[in-house]
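Chemist: First the structure, which I've put down as structure tokens, then a few questions once you've had a look.
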Amino acid sequence: MKKQLLVAAVAATMASASMADISIAGAAKVNFTTVDYDGTTASTNDFKREMDLKITGKSGDTTVVMNFGNDTLGNGASAGISAEDTYVATSIEGVSIKVGAWDNGNNALRASSRGDNKLSASTSFGGIKVTYDATDESAGKVADTVKLSGDIAGVAASYKSVDNGEDISLATTVSGVKVSYLALNRDAANTDRSVVEVSGSAGNVGVKFAQATADSSATIEGDTWMGDFEGASGAYDLTAGQDVTSVELSTSIAGNAVKFRMTDVDDVAGSDMSFNKVIITRPLANGTTFEATYTDLDDSVAANDSQTLDLELAVKF
């Protein structure tokens with residue numbers, strides 16, 4: 001009888017564990033990058049890694065996410081293991097609630113940032129989604145925003161009111177061509193930024209075009225296919241008033257995804273810059289994806305002109 005009770009207890013424990021809704025996902029990539037400068041600057045060779053592990057637990061309508069990263073900063077330096085997105089998301093009486101720390105994501109105009117002690121609450125009224133976001137800042141002030149979003153005659157539109165201005169987003173598709181517009185308008189003089197992006201295809205060639213403009217006291221710091229302009233941490237550190245124009249052509253050749261990008265940065269005297277990229281991506285039989293990126297940079301300072309080859313192995317699980 002005791003043995004039967006013991007077996008039943010173990011079986012109950014195993015059943016309880018099997019019903020737990022927990023999933024683990026992740027991604028990793030390693031890069032070897034070599035940079036050859038046209039001037040007297042010595043060439044560089046560098047290895048880097050970026051690794052992420054995401055643990056998701058669910059109970060009914062509630063989800064808990066804990067994301068951890070382990071990256072190298074280059075030149076042998078390591079950022080160590082750090083907690084990144086960690087939040088609880090649930091729904092109460094039709095209102096979606098999210099509390100914790102998460103990244104606000106990239107766009108073509110501003111750098112991404114991860115904030116802690118954040119709250120996001122959203123619900124819908126008559127097809128219009130209303131989202132309220134609040135952040136407990138270090139100085140004790142609560143920075144809050146209200147965003148309205150929905151579909152207006154086939155146009156996905158959103159309006160966000162922020163402390164110092166407004167964000168406006170519009171996107172639609174016309175005859176297979178996608179068109180989007182994003183504006184970050186701020187109250188201070190000459191600090192508005194905007195970007196227009198158009199994408200489509202011609203035969204088996206994908207085509208994308210984008211133009212981002214900044215007022216004389218505004219700086220583009222986005223990180224998208226146009227380029228990584230996230231200030232000192234990005235590949236290219238822009239200055240106030242510089243505009244960015246990018247074109248991308250993409251196709252498939254012998255099982256390889258091939259992209260050619262051309263980007264010009266101008267409208268500030270003495271700071272013009274342009275770079276061309278060729279990106280070749282191929283999935284490998286071992287479960288990884290190989291990507292080779294060649295970049296030719298033409299800078300306003302001749303000593304900064306360079307050619308970069310970046311070889312990457314990436315995997316998701």
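Just so we're on the same page: first chain in the structure tokens is A, next is B, and so on; residues restart at 1 for each chain, and ligands are numbered from 1 in the order they show up.
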Using DSSP secondary structure from the backbone, list all strand (DSSP E or B) positions within stretch 72-166 of chain A, as a ChimeraX atom specification.

Modeler: /A:72-74,77-92,95-103,114-125,128-136,142-152,155-162,165-166

Chemist: Counting only C-alpha atoms, what is within 12 Å of A:Val179, bar same-chain residues fewer than 4 positions away, as a list in words?

Modeler: Gly154, Val155, Ala156, Ser169, Leu170, Ala171, Thr172, Thr173, Val174, Ser175, Val195, Val196, Glu197, Val198, Ser199, Gly200, Lys208, Phe209, Ala210 and Gln211 of chain A

Chemist: Could you write out the selected residues, including all heavy atoms, as a CSV table (one decimal), in the first residue's frame?

Modeler:
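Heads up, here's the output in result-v4.csv:
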```
chain,number,residue,atom,x,y,z
A,154,GLY,N,-8.0,51.5,-45.1
A,154,GLY,CA,-6.9,50.8,-45.6
A,154,GLY,C,-5.5,51.3,-45.2
A,154,GLY,O,-4.5,50.8,-45.6
A,155,VAL,N,-5.5,52.4,-44.4
A,155,VAL,CA,-4.2,53.0,-44.0
A,155,VAL,C,-4.0,52.7,-42.5
A,155,VAL,O,-4.9,53.1,-41.7
A,155,VAL,CB,-4.2,54.5,-44.2
A,155,VAL,CG1,-2.9,55.1,-43.7
A,155,VAL,CG2,-4.3,54.8,-45.7
A,156,ALA,N,-3.0,52.0,-42.1
A,156,ALA,CA,-2.7,51.8,-40.7
A,156,ALA,C,-2.1,53.1,-40.2
A,156,ALA,O,-1.0,53.6,-40.6
A,156,ALA,CB,-1.7,50.7,-40.6
A,169,SER,N,2.5,58.0,-37.4
A,169,SER,CA,2.9,56.9,-38.3
A,169,SER,C,1.7,56.5,-39.2
A,169,SER,O,0.6,56.4,-38.8
A,169,SER,CB,3.2,55.6,-37.4
A,169,SER,OG,3.5,54.5,-38.3
A,170,LEU,N,2.0,56.4,-40.5
A,170,LEU,CA,1.1,56.0,-41.5
A,170,LEU,C,1.7,54.9,-42.4
A,170,LEU,O,2.9,55.0,-42.8
A,170,LEU,CB,0.7,57.2,-42.4
A,170,LEU,CG,0.1,58.4,-41.7
A,170,LEU,CD1,0.0,59.6,-42.7
A,170,LEU,CD2,-1.3,58.1,-41.1
A,171,ALA,N,0.9,53.9,-42.8
A,171,ALA,CA,1.4,52.8,-43.6
A,171,ALA,C,0.3,52.2,-44.4
A,171,ALA,O,-0.8,52.0,-43.9
A,171,ALA,CB,2.1,51.7,-42.8
A,172,THR,N,0.5,51.9,-45.7
A,172,THR,CA,-0.5,51.3,-46.6
A,172,THR,C,0.2,50.6,-47.7
A,172,THR,O,1.4,50.7,-47.9
A,172,THR,CB,-1.5,52.4,-47.1
A,172,THR,OG1,-2.6,51.7,-47.8
A,172,THR,CG2,-0.8,53.3,-48.1
A,173,THR,N,-0.6,49.9,-48.5
A,173,THR,CA,-0.1,49.2,-49.7
A,173,THR,C,-1.0,49.6,-50.9
A,173,THR,O,-2.2,49.5,-50.8
A,173,THR,CB,-0.1,47.7,-49.5
A,173,THR,OG1,0.7,47.3,-48.4
A,173,THR,CG2,0.4,47.0,-50.8
A,174,VAL,N,-0.3,50.0,-52.0
A,174,VAL,CA,-1.0,50.4,-53.2
A,174,VAL,C,-0.5,49.7,-54.3
A,174,VAL,O,0.7,49.8,-54.7
A,174,VAL,CB,-0.9,52.0,-53.4
A,174,VAL,CG1,-1.6,52.4,-54.7
A,174,VAL,CG2,-1.4,52.7,-52.2
A,175,SER,N,-1.3,48.8,-55.0
A,175,SER,CA,-0.9,48.0,-56.1
A,175,SER,C,0.4,47.2,-55.8
A,175,SER,O,1.3,47.2,-56.7
A,175,SER,CB,-0.7,48.9,-57.3
A,175,SER,OG,-1.9,49.6,-57.7
A,195,VAL,N,10.7,60.1,-41.8
A,195,VAL,CA,11.2,59.1,-42.8
A,195,VAL,C,10.1,58.6,-43.6
A,195,VAL,O,9.0,58.4,-43.1
A,195,VAL,CB,12.0,58.0,-42.1
A,195,VAL,CG1,11.1,57.2,-41.1
A,195,VAL,CG2,12.6,57.0,-43.1
A,196,VAL,N,10.4,58.5,-44.9
A,196,VAL,CA,9.4,57.9,-45.9
A,196,VAL,C,10.1,56.6,-46.5
A,196,VAL,O,11.3,56.7,-46.9
A,196,VAL,CB,9.1,58.8,-47.0
A,196,VAL,CG1,8.2,58.1,-48.0
A,196,VAL,CG2,8.4,60.1,-46.4
A,197,GLU,N,9.4,55.5,-46.5
A,197,GLU,CA,9.9,54.3,-47.0
A,197,GLU,C,8.9,53.7,-48.0
A,197,GLU,O,7.7,53.6,-47.8
A,197,GLU,CB,10.2,53.3,-45.9
A,197,GLU,CG,10.8,52.0,-46.4
A,197,GLU,CD,11.3,51.1,-45.3
A,197,GLU,OE1,11.4,51.6,-44.1
A,197,GLU,OE2,11.5,49.9,-45.5
A,198,VAL,N,9.5,53.2,-49.2
A,198,VAL,CA,8.7,52.6,-50.2
A,198,VAL,C,9.4,51.3,-50.6
A,198,VAL,O,10.6,51.2,-50.8
A,198,VAL,CB,8.6,53.5,-51.5
A,198,VAL,CG1,7.8,52.9,-52.6
A,198,VAL,CG2,8.0,54.9,-51.1
A,199,SER,N,8.6,50.2,-50.7
A,199,SER,CA,9.1,48.9,-51.1
A,199,SER,C,8.2,48.2,-52.0
A,199,SER,O,7.0,48.3,-51.9
A,199,SER,CB,9.5,48.1,-49.8
A,199,SER,OG,8.3,47.8,-49.1
A,200,GLY,N,8.8,47.4,-52.9
A,200,GLY,CA,8.0,46.6,-53.8
A,200,GLY,C,8.9,45.6,-54.5
A,200,GLY,O,10.0,45.3,-54.1
A,208,LYS,N,13.7,48.5,-52.4
A,208,LYS,CA,13.3,49.4,-51.2
A,208,LYS,C,14.0,50.7,-51.4
A,208,LYS,O,15.2,50.8,-51.8
A,208,LYS,CB,13.7,48.7,-49.9
A,208,LYS,CG,12.9,47.5,-49.5
A,208,LYS,CD,13.0,47.2,-48.1
A,208,LYS,CE,14.3,46.7,-47.6
A,208,LYS,NZ,14.3,46.2,-46.2
A,209,PHE,N,13.3,51.8,-51.0
A,209,PHE,CA,13.8,53.1,-51.0
A,209,PHE,C,13.4,53.8,-49.7
A,209,PHE,O,12.2,53.7,-49.3
A,209,PHE,CB,13.4,53.9,-52.2
A,209,PHE,CG,13.7,55.4,-52.1
A,209,PHE,CD1,14.9,55.9,-52.5
A,209,PHE,CD2,12.7,56.3,-51.6
A,209,PHE,CE1,15.2,57.2,-52.4
A,209,PHE,CE2,13.0,57.6,-51.5
A,209,PHE,CZ,14.3,58.1,-51.9
A,210,ALA,N,14.3,54.6,-49.1
A,210,ALA,CA,13.9,55.3,-47.9
A,210,ALA,C,14.7,56.6,-47.8
A,210,ALA,O,15.9,56.7,-48.2
A,210,ALA,CB,14.2,54.5,-46.6
A,211,GLN,N,14.0,57.6,-47.3
A,211,GLN,CA,14.7,58.9,-47.1
A,211,GLN,C,14.3,59.4,-45.7
A,211,GLN,O,13.1,59.6,-45.4
A,211,GLN,CB,14.3,59.9,-48.1
A,211,GLN,CG,15.1,61.2,-48.0
A,211,GLN,CD,14.9,62.1,-49.2
A,211,GLN,OE1,13.7,62.4,-49.6
A,211,GLN,NE2,16.0,62.7,-49.7
```

Chemist: Just the number, please: distance in Å from atom CA of A:Asp116 to atom CA of A:Glu84, one decimal.

Modeler: 9.5 Å

Chemist: Select, from A:Val30, A:Ile279, A:Leu119, A:Ala218, the residue with the minimum atom-to-atom distance to A:Thr293, counting only C-alpha atoms.

Modeler: A:Ile279

Chemist: Contacts of stretch 247-253 of chain A at 12 Å or less, counting only C-alpha atoms, minus same-chain residues fewer than 4 places along, as a PyMOL selection string?

Modeler: chain A and resi 197-212+225-227+257-264+274-282

Chemist: May I have a table of the residues of stretch 125-161 of chain A lying at most 10 Å from stretch 86-105 of chain A, giving each one's closest pair of atoms and their distance in Å to one decimal, counting only C-alpha atoms, ordered by chain and ascending residue number, as JSON lines?

Modeler:
```
{"residue": "A:Val130", "atom": "CA", "partner": "A:Val95", "partner_atom": "CA", "distance": 9.9}
{"residue": "A:Thr131", "atom": "CA", "partner": "A:Ser96", "partner_atom": "CA", "distance": 9.1}
{"residue": "A:Tyr132", "atom": "CA", "partner": "A:Ile97", "partner_atom": "CA", "distance": 9.6}
{"residue": "A:Asp133", "atom": "CA", "partner": "A:Lys98", "partner_atom": "CA", "distance": 9.4}
{"residue": "A:Ala134", "atom": "CA", "partner": "A:Val99", "partner_atom": "CA", "distance": 9.6}
{"residue": "A:Thr135", "atom": "CA", "partner": "A:Ala101", "partner_atom": "CA", "distance": 9.6}
```
